[in-house]
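K.L.:
Just dropping this structure here.
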Amino acid sequence: MKLPMNEPSSIPPLCAGSRHACARRTSAARRPRWLLLAFAALCVAVTGLAPAHASQTTTWEMAGVKDFLKGTMNGVALSWDGLLRPGYRRQELASPQQPVIWAAERGPDGTVFLGTGYRGGVYAVRPSGQTELIWNATEPAVFALAVDAKGVLYVATSPNGKIYRIEGDTATEWFDPKSQYIWSLKVASDGTLYAGTGPEGKIYSITAQGKGDVYFASGQAHVTSLALDNAGRLLAGSEPYGLLYRITAKDRAFVLYDASLPEIRAIAVAPTGEIYAAAMGGSVAQKQRTPAAGSGGLDTSTPTISTTVTVSASTPNPAGEGLQQAVPLPQSGTAPAAPASPLGATSAIYEMPGVERSAVYRIAADNTVETLWSSKDENVYDLALDGDSLLIATDREGRIYRMDTQGRASLLAQTQQGQTTRVIPIGSGFLAATGNEGKLFRFSPDGVAGGSYESPVHDANTVARWGTLAWAGRSGLEATAGLRILTRAGNSFRPDSTWSDWQPIGPGTEGRIASPNARYLQWKAEFFAAPTPASLERVTVAYLPQNASPTLKSVRVSSQLKSSAQPGTAAAQAAVAASMAAYTVTVSATGDSDAAGPAGSTVSSTGRLVEPAIQCTWEAEDADGDTLEYNLQYRAEDETAWKPLATAIRESTYSVDADRFADGRYYFRVTATDALDNSPGMAREDTLVSAPVVIDHGAPALEVLSRERADAGWNLRVRVTDVVSIVRRVEVSVNAKAPVVALPVDGIADSRVEEFVLSIRDDAAPESEKSVVITATDASGNVATSRVLLVKAR
């Protein structure tokens, strides 16, 4: 059993987990497996499909139970077949300023008693509507209450608690089971009081004189629920192995059902003899199967759990007013603060999403079992028979369902609290006790006027132009006079003061949405009193999302070399090797550019093996999935007008011969447009310009300025000049030996004119001549060579 998520700061962390958290966290050997409950995040569900293309009309439709459960209901009901109509009016009867109401019982005179946590308060809500604190226990939690036919109230406290008997204005300690926790109480017709305890899983029977004994030892850790069948036999639900027992006599029991979920939380018995049981605590690993009590050798050990919590009952509680206390209690004048957090520096408890959390079973007279309802999103906290239907209380916004005899569940109401812990039929309506916060509500079937339903917030993913909203009821129930639809819009996900006011649609069942253009939209249905009650089965919203602009993320310009040689020849292979030397310039949408230097390919004087080409490649995306077309343009650095290279192309790459461009620096511009999928006036485009690209067809000029005889050889002074590119490298080879790289006079090759001093050393070789080949390469990879003949003097 667990408390809801998002507890107010006033609620001590003691209640994070369940009312069993007290028991299972104090004894590692008894901690049940399902304590590893993980609170799965509740996603705000949005109905509707993403548009195929942004400029096309899109519809958001809500219809059916699954869709309508995503919204918020106030005084309306949702039938099992997906019909919204006027429901129950909610009235707050009591708010005892307690975090949670764990137990609620109605006495013969109509008084409703409430057991709370975590200050051990017991409250009485009189038929007149007056609420009073009638008693405070020394223990922090009251998990169970029972009222006998005479109106005597029995109170079970925890931890290390006892059973107290309250009659009139006197509270008496009635029985001490010597158990750490008392989870459930039930009074039989002969006045016997049964108590389910933990963590040893024993059931005690207490006589009318307050004498008690063990009635049945289940072998489970906790006995979590008790009921009586139509024959007066005791029914007991247990935990952690989800066993439901029928106990016919002392120490004699029969397992009616072995549930797949850890805890049998609530039991209800129909006049026809059918037994309904609610199980919860799922969303954990598969439990280890063990035999029931009496089969020999029940292993009650549990796996290691990462969270350890110790619950202390040392904090006293004030005595109640208006009762003679037969039990010594502290007499402080004010209620103490909530118990300090027992949580240490421990890991959090998480719930595994996507698996069954709870279920409702029906056990027939012949012991056959049928699963009527199950949920991966909600935990069932209580069951109650109301005529021939079953009320189901859960923890999803405190929902209360009504299930008919065919197992079809309709949502009657929501308490809008963390959970509805108890539900009590009363007249034509019902009472609901809640946790987080602890309140008592009355629901009456007169909620026709003032009931409303708010849809979830719809996200159009971009600013949208709202169109028509149309709604439909069900034939025979539709009445426009009893229903009004309103809308509001905004650009923040959660509606706040920045959203527009609610504006009505209508009259009739269709109308133009008056809310301003925005990204988010919400609609509300308001029900009014009318001769024919209105109903709502479907709502459809038409809208036109703003067309999202395409986005160019990068433009890459590189030089490519195309071979003019015959395939398969050595010349072609050389061309392939040469084509690997590409000059690349990339610019991204953020403005970053990357210019890669040339690899130094050489075009030999034997003939042109390759033809240079300019390769433009870009990356683009469109959030709407529109088909994109591209226009490619260029201009020289000293020009102002862009010239077209290619138009209306759908590929993201384009190649053009470099020979079409004279030497110089150029820019390339790509424009992406989604005009193909959008009407005129709605199309969007994006543009990105490349980094400057140098196109250089000419080789550098190489000039020998002087040659001088030195002591050990020759000194050659060489000047290299290039019109467009900087001089990148000069190499020297003597008599066809391996070339040696030369440094310029200024120490760095960084300009279009560089001078070099080359030292050619004499050696002992017999040759009288030295053939010196000088090779100069510019930044574009163009190569020039010059040969100098040096003759040794004889």
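Following the order of the structure tokens, chains are lettered A, B, ..., residues in each are numbered from 1, and ligands are numbered from 1.
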Taking the DSSP assignment computed from this structure's backbone, write out as a ChimeraX atom specification all residues of range 81-257 of chain A that belong to strand (DSSP E).
P.N.:
/A:84-106,112-117,121-125,131-136,141-147,153-158,163-167,170-175,181-187,193-198,202-206,212-217,222-228,234-239,243-249,252-257
K.L.:
Env of Asn74 in chain A: 7 Å cut, atoms = only C-alpha atoms, seq-sep filter 5 positions within chain, self excluded. Answer as an mmCIF file with C-alpha atoms, in the first residue's frame.
P.N.:
data_model
loop_
_atom_site.group_PDB
_atom_site.id
_atom_site.type_symbol
_atom_site.label_atom_id
_atom_site.label_comp_id
_atom_site.auth_asym_id
_atom_site.auth_seq_id
_atom_site.Cartn_x
_atom_site.Cartn_y
_atom_site.Cartn_z
ATOM 1 C CA GLY A 451 -20.328 20.252 -13.886
ATOM 2 C CA SER A 452 -17.383 20.703 -16.227
ATOM 3 C CA TYR A 453 -14.707 18.811 -18.109
#
K.L.:
Extract, using only C-alpha atoms, all DNA, RNA and protein residues at most 9 Å from Ser389 in chain A, discarding same-chain residues fewer than 3 positions from it, and format them as a PyMOL selection string.
P.N.:
chain A and resi 384-386+402-405
K.L.:
List as a VMD selection string the protein and nucleic acid residues near Arg399 in chain A, meaning an atom at most 12 Å away when only C-alpha atoms are counted, but skip any in the same chain fewer than 4 places from it.
P.N.:
chain A and resid 69 72 to 74 77 to 78 377 to 382 391 to 395 409 to 423 432 to 434
K.L.:
Report the distance between CA of Thr57 in chain A and CA of Glu651 in chain A in Å, rounded to one decimal place.
P.N.:
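Calculated distance between CA of Thr57 in chain A and CA of Glu651 in chain A is 28.1 Å.
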K.L.:
Determine the nearest neighbour of Asp176 in chain A from the options A:Val214, A:Ile485, A:Ala646, A:Val791, counting only C-alpha atoms.
P.N.:
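Checking each of A:Val214, A:Ile485, A:Ala646, A:Val791 against Asp176 in chain A, counting only C-alpha atoms, the winner is A:Val214.
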K.L.:
Using only C-alpha atoms, which protein or nucleic acid residues come within 12 Å of Trp618 in chain A? Drop anything in the same chain fewer than 4 positions from it, and give the result as number ranges by chain.
P.N.:
A: 551-558, 585-589, 630-632, 650-655, 668-672, 687-690
K.L.:
Find the spatial neighbours of Pro516 in chain A, counting only C-alpha atoms, within a cut-off of 10 Å - ignore same-chain residues fewer than 6 positions away - and output them as a PDB file with all heavy atoms, in the first residue's frame.
P.N.:
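result.pdb written:
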ATOM      1  N   VAL A 463       3.204  27.739 -33.508  1.00  0.00           N
ATOM      2  CA  VAL A 463       2.049  28.630 -33.440  1.00  0.00           C
ATOM      3  C   VAL A 463       1.061  28.249 -34.535  1.00  0.00           C
ATOM      4  O   VAL A 463       1.443  28.035 -35.692  1.00  0.00           O
ATOM      5  CB  VAL A 463       2.481  30.101 -33.589  1.00  0.00           C
ATOM      6  CG1 VAL A 463       1.279  31.023 -33.686  1.00  0.00           C
ATOM      7  CG2 VAL A 463       3.367  30.505 -32.414  1.00  0.00           C
ATOM      8  N   ALA A 464      -0.209  28.136 -34.169  1.00  0.00           N
ATOM      9  CA  ALA A 464      -1.230  27.657 -35.090  1.00  0.00           C
ATOM     10  C   ALA A 464      -2.361  28.676 -35.218  1.00  0.00           C
ATOM     11  O   ALA A 464      -2.633  29.456 -34.305  1.00  0.00           O
ATOM     12  CB  ALA A 464      -1.786  26.317 -34.626  1.00  0.00           C
ATOM     13  N   ARG A 465      -3.018  28.635 -36.360  1.00  0.00           N
ATOM     14  CA  ARG A 465      -4.224  29.411 -36.584  1.00  0.00           C
ATOM     15  C   ARG A 465      -5.408  28.483 -36.344  1.00  0.00           C
ATOM     16  O   ARG A 465      -5.597  27.496 -37.038  1.00  0.00           O
ATOM     17  CB  ARG A 465      -4.244  29.953 -38.010  1.00  0.00           C
ATOM     18  CG  ARG A 465      -5.466  30.786 -38.354  1.00  0.00           C
ATOM     19  CD  ARG A 465      -5.446  31.199 -39.813  1.00  0.00           C
ATOM     20  NE  ARG A 465      -4.221  31.928 -40.138  1.00  0.00           N
ATOM     21  CZ  ARG A 465      -3.845  32.223 -41.383  1.00  0.00           C
ATOM     22  NH1 ARG A 465      -4.591  31.835 -42.405  1.00  0.00           N
ATOM     23  NH2 ARG A 465      -2.732  32.885 -41.602  1.00  0.00           N
ATOM     24  N   TRP A 466      -6.203  28.808 -35.310  1.00  0.00           N
ATOM     25  CA  TRP A 466      -7.299  27.924 -34.923  1.00  0.00           C
ATOM     26  C   TRP A 466      -8.492  28.103 -35.856  1.00  0.00           C
ATOM     27  O   TRP A 466      -8.841  29.219 -36.246  1.00  0.00           O
ATOM     28  CB  TRP A 466      -7.716  28.186 -33.476  1.00  0.00           C
ATOM     29  CG  TRP A 466      -6.557  28.187 -32.523  1.00  0.00           C
ATOM     30  CD1 TRP A 466      -6.112  29.239 -31.781  1.00  0.00           C
ATOM     31  CD2 TRP A 466      -5.679  27.105 -32.232  1.00  0.00           C
ATOM     32  NE1 TRP A 466      -5.012  28.888 -31.038  1.00  0.00           N
ATOM     33  CE2 TRP A 466      -4.714  27.570 -31.301  1.00  0.00           C
ATOM     34  CE3 TRP A 466      -5.584  25.782 -32.671  1.00  0.00           C
ATOM     35  CZ2 TRP A 466      -3.702  26.773 -30.803  1.00  0.00           C
ATOM     36  CZ3 TRP A 466      -4.564  24.975 -32.174  1.00  0.00           C
ATOM     37  CH2 TRP A 466      -3.645  25.469 -31.252  1.00  0.00           C
ATOM     38  N   THR A 487     -12.895  27.658 -25.218  1.00  0.00           N
ATOM     39  CA  THR A 487     -11.481  27.382 -25.496  1.00  0.00           C
ATOM     40  C   THR A 487     -10.626  28.495 -24.924  1.00  0.00           C
ATOM     41  O   THR A 487     -11.080  29.620 -24.688  1.00  0.00           O
ATOM     42  CB  THR A 487     -11.200  27.272 -27.004  1.00  0.00           C
ATOM     43  OG1 THR A 487     -11.463  28.541 -27.619  1.00  0.00           O
ATOM     44  CG2 THR A 487     -12.053  26.200 -27.650  1.00  0.00           C
ATOM     45  N   ARG A 488      -9.352  28.172 -24.717  1.00  0.00           N
ATOM     46  CA  ARG A 488      -8.344  29.161 -24.370  1.00  0.00           C
ATOM     47  C   ARG A 488      -7.025  28.703 -24.979  1.00  0.00           C
ATOM     48  O   ARG A 488      -6.828  27.508 -25.258  1.00  0.00           O
ATOM     49  CB  ARG A 488      -8.219  29.355 -22.866  1.00  0.00           C
ATOM     50  CG  ARG A 488      -7.766  28.126 -22.090  1.00  0.00           C
ATOM     51  CD  ARG A 488      -7.605  28.458 -20.609  1.00  0.00           C
ATOM     52  NE  ARG A 488      -7.261  27.289 -19.810  1.00  0.00           N
ATOM     53  CZ  ARG A 488      -7.013  27.321 -18.500  1.00  0.00           C
ATOM     54  NH1 ARG A 488      -7.088  28.476 -17.855  1.00  0.00           N
ATOM     55  NH2 ARG A 488      -6.700  26.233 -17.830  1.00  0.00           N
ATOM     56  N   ALA A 489      -6.099  29.657 -25.173  1.00  0.00           N
ATOM     57  CA  ALA A 489      -4.836  29.337 -25.843  1.00  0.00           C
ATOM     58  C   ALA A 489      -3.700  30.097 -25.182  1.00  0.00           C
ATOM     59  O   ALA A 489      -3.897  31.116 -24.519  1.00  0.00           O
ATOM     60  CB  ALA A 489      -4.920  29.687 -27.333  1.00  0.00           C
ATOM     61  N   GLY A 490      -2.495  29.587 -25.385  1.00  0.00           N
ATOM     62  CA  GLY A 490      -1.310  30.226 -24.839  1.00  0.00           C
ATOM     63  C   GLY A 490      -0.058  29.625 -25.420  1.00  0.00           C
ATOM     64  O   GLY A 490      -0.118  28.652 -26.191  1.00  0.00           O
ATOM     65  N   TRP A 499      -2.085  32.957 -20.468  1.00  0.00           N
ATOM     66  CA  TRP A 499      -3.027  32.389 -21.432  1.00  0.00           C
ATOM     67  C   TRP A 499      -4.210  33.342 -21.617  1.00  0.00           C
ATOM     68  O   TRP A 499      -4.513  34.171 -20.761  1.00  0.00           O
ATOM     69  CB  TRP A 499      -3.526  31.034 -20.947  1.00  0.00           C
ATOM     70  CG  TRP A 499      -2.603  29.905 -21.285  1.00  0.00           C
ATOM     71  CD1 TRP A 499      -1.262  29.846 -21.073  1.00  0.00           C
ATOM     72  CD2 TRP A 499      -2.964  28.660 -21.897  1.00  0.00           C
ATOM     73  NE1 TRP A 499      -0.763  28.641 -21.486  1.00  0.00           N
ATOM     74  CE2 TRP A 499      -1.782  27.895 -22.007  1.00  0.00           C
ATOM     75  CE3 TRP A 499      -4.145  28.114 -22.342  1.00  0.00           C
ATOM     76  CZ2 TRP A 499      -1.761  26.626 -22.559  1.00  0.00           C
ATOM     77  CZ3 TRP A 499      -4.138  26.837 -22.890  1.00  0.00           C
ATOM     78  CH2 TRP A 499      -2.959  26.104 -23.005  1.00  0.00           C
ATOM     79  N   SER A 500      -4.902  33.161 -22.723  1.00  0.00           N
ATOM     80  CA  SER A 500      -6.104  33.949 -22.973  1.00  0.00           C
ATOM     81  C   SER A 500      -7.231  33.481 -22.055  1.00  0.00           C
ATOM     82  O   SER A 500      -7.180  32.388 -21.478  1.00  0.00           O
ATOM     83  CB  SER A 500      -6.532  33.802 -24.440  1.00  0.00           C
ATOM     84  OG  SER A 500      -6.955  32.463 -24.700  1.00  0.00           O
ATOM     85  N   ASP A 501      -8.253  34.303 -21.932  1.00  0.00           N
ATOM     86  CA  ASP A 501      -9.434  33.923 -21.154  1.00  0.00           C
ATOM     87  C   ASP A 501     -10.239  32.879 -21.914  1.00  0.00           C
ATOM     88  O   ASP A 501     -10.127  32.731 -23.141  1.00  0.00           O
ATOM     89  CB  ASP A 501     -10.312  35.148 -20.885  1.00  0.00           C
ATOM     90  CG  ASP A 501      -9.612  36.169 -19.994  1.00  0.00           C
ATOM     91  OD1 ASP A 501      -8.754  35.751 -19.187  1.00  0.00           O
ATOM     92  OD2 ASP A 501      -9.920  37.369 -20.119  1.00  0.00           O
TER      93      ASP A 501
END
K.L.:
For Pro744 in chain A, list every protein, DNA or RNA residue within 7 Å, evaluated using only C-alpha atoms, and leave out those in the same chain fewer than 3 positions away; present the list as a PyMOL selection string.
P.N.:
chain A and resi 747-749+754-756
K.L.:
Produce a file of the selected residues containing all heavy atoms, as a tab-separated table (two decimals), in the first residue's frame.
P.N.:
chain	number	residue	atom	x	y	z
A	747	GLY	N	61.44	32.36	-42.96
A	747	GLY	CA	61.16	31.25	-42.05
A	747	GLY	C	59.77	30.65	-42.12
A	747	GLY	O	59.51	29.62	-41.50
A	748	ILE	N	58.85	31.24	-42.88
A	748	ILE	CA	57.49	30.71	-42.95
A	748	ILE	C	56.89	31.01	-44.32
A	748	ILE	O	57.01	32.13	-44.85
A	748	ILE	CB	56.59	31.30	-41.84
A	748	ILE	CG1	55.19	30.70	-41.92
A	748	ILE	CG2	56.55	32.82	-41.90
A	748	ILE	CD1	54.31	31.08	-40.73
A	749	ALA	N	56.26	29.99	-44.93
A	749	ALA	CA	55.62	30.15	-46.24
A	749	ALA	C	54.19	30.61	-46.01
A	749	ALA	O	53.30	29.81	-45.73
A	749	ALA	CB	55.67	28.84	-47.01
A	754	GLU	N	57.60	34.50	-52.15
A	754	GLU	CA	58.55	34.02	-51.17
A	754	GLU	C	59.91	33.85	-51.84
A	754	GLU	O	60.01	33.48	-53.02
A	754	GLU	CB	58.11	32.67	-50.59
A	754	GLU	CG	56.84	32.71	-49.79
A	754	GLU	CD	57.03	33.33	-48.40
A	754	GLU	OE1	58.19	33.63	-48.02
A	754	GLU	OE2	56.01	33.52	-47.70
A	755	GLU	N	60.98	34.13	-51.11
A	755	GLU	CA	62.35	33.90	-51.59
A	755	GLU	C	63.00	32.82	-50.76
A	755	GLU	O	62.77	32.75	-49.54
A	755	GLU	CB	63.17	35.19	-51.54
A	755	GLU	CG	62.73	36.23	-52.56
A	755	GLU	CD	63.73	37.37	-52.66
A	755	GLU	OE1	64.79	37.30	-52.00
A	755	GLU	OE2	63.44	38.33	-53.41
A	756	PHE	N	63.84	32.02	-51.46
A	756	PHE	CA	64.51	30.89	-50.82
A	756	PHE	C	66.00	30.95	-51.17
A	756	PHE	O	66.39	31.33	-52.29
A	756	PHE	CB	63.94	29.56	-51.32
A	756	PHE	CG	62.48	29.37	-51.02
A	756	PHE	CD1	61.51	29.97	-51.82
A	756	PHE	CD2	62.07	28.60	-49.94
A	756	PHE	CE1	60.17	29.79	-51.55
A	756	PHE	CE2	60.73	28.43	-49.67
A	756	PHE	CZ	59.77	29.03	-50.48
K.L.:
What parts of range 58-275 of chain A does DSSP call alpha helix (DSSP H)? I'd like the answer as an MDAnalysis selection string.
P.N.:
chainID A and resid 65:68
K.L.:
Take the selection from the previous step and output its residues with N, CA, C and O atoms, as an mmCIF file, in the first residue's frame.
P.N.:
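Once everything was written out, this is selection-v8.cif:
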data_model
loop_
_atom_site.group_PDB
_atom_site.id
_atom_site.type_symbol
_atom_site.label_atom_id
_atom_site.label_comp_id
_atom_site.auth_asym_id
_atom_site.auth_seq_id
_atom_site.Cartn_x
_atom_site.Cartn_y
_atom_site.Cartn_z
ATOM 1 N N VAL A 65 -13.112 6.511 -24.120
ATOM 2 C CA VAL A 65 -12.664 6.511 -22.727
ATOM 3 C C VAL A 65 -11.191 6.873 -22.616
ATOM 4 O O VAL A 65 -10.796 7.690 -21.767
ATOM 5 N N LYS A 66 -10.361 6.301 -23.457
ATOM 6 C CA LYS A 66 -8.918 6.522 -23.361
ATOM 7 C C LYS A 66 -8.578 7.994 -23.508
ATOM 8 O O LYS A 66 -7.726 8.531 -22.785
ATOM 9 N N ASP A 67 -9.225 8.674 -24.441
ATOM 10 C CA ASP A 67 -8.959 10.097 -24.642
ATOM 11 C C ASP A 67 -9.493 10.932 -23.486
ATOM 12 O O ASP A 67 -8.794 11.790 -22.937
ATOM 13 N N PHE A 68 -10.745 10.695 -23.095
ATOM 14 C CA PHE A 68 -11.374 11.549 -22.088
ATOM 15 C C PHE A 68 -10.749 11.369 -20.703
ATOM 16 O O PHE A 68 -10.797 12.286 -19.874
#
K.L.:
For CA of Leu676 in chain A and CA of Ala691 in chain A, quote the distance in Å rounded to one decimal.
P.N.:
28.7 Å
K.L.:
Check the smallest atom-to-atom distance from each of A:Ser515, A:Asp763, A:Tyr181, A:Leu716 to Val732 in chain A using only C-alpha atoms, then report the winner.
P.N.:
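So, comparing all the options, the nearest one is A:Leu716.
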K.L.:
Using only C-alpha atoms, which of the listed residues (A:Val757, A:Val723, A:Val360, A:Ala236) sits closest to Arg408 in chain A?
P.N.:
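Of A:Val757, A:Val723, A:Val360, A:Ala236, the one nearest Arg408 in chain A, counting only C-alpha atoms, is A:Val360.
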K.L.:
Considering only C-alpha atoms, tabulate each residue of range 454-494 of chain A that lies at most 6 Å from range 522-543 of chain A along with its nearest interatomic pair and the corresponding distance in Å to one decimal; arrange the rows by chain and ascending residue number and present them as CSV.
P.N.:
residue,atom,partner,partner_atom,distance
A:Glu454,CA,A:Lys524,CA,4.4
A:Ser455,CA,A:Trp523,CA,5.6
A:Val457,CA,A:Gln522,CA,5.0
A:Arg465,CA,A:Tyr543,CA,5.6
A:Trp466,CA,A:Tyr543,CA,4.4
A:Gly467,CA,A:Tyr543,CA,4.9
A:Thr468,CA,A:Ala542,CA,5.4
A:Leu469,CA,A:Val541,CA,4.5
A:Ala470,CA,A:Thr540,CA,5.3
A:Trp471,CA,A:Val539,CA,4.3
A:Ala472,CA,A:Arg538,CA,5.3
A:Gly473,CA,A:Leu536,CA,4.3
A:Leu477,CA,A:Ala534,CA,5.8
A:Glu478,CA,A:Ala534,CA,5.1
A:Ala479,CA,A:Ala534,CA,4.8
A:Gly482,CA,A:Phe528,CA,4.7
A:Leu483,CA,A:Phe527,CA,4.6
A:Arg484,CA,A:Glu526,CA,5.2
A:Ile485,CA,A:Ala525,CA,4.6
A:Leu486,CA,A:Lys524,CA,5.2
A:Thr487,CA,A:Trp523,CA,4.2
A:Arg488,CA,A:Gln522,CA,5.6
K.L.:
Just the number, please: distance in Å from CA of Asp657 in chain A to CA of Asp696 in chain A, one decimal.
P.N.:
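If I compute the distance from CA of Asp657 in chain A to CA of Asp696 in chain A, I get 12.8 Å.
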K.L.:
Taking only C-alpha atoms into account, name the residue in A:Ile400, A:Ile424, A:Ile760, A:Leu93 that is nearest to Arg707 in chain A.
P.N.:
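The closest residue to Arg707 in chain A is A:Ile760.
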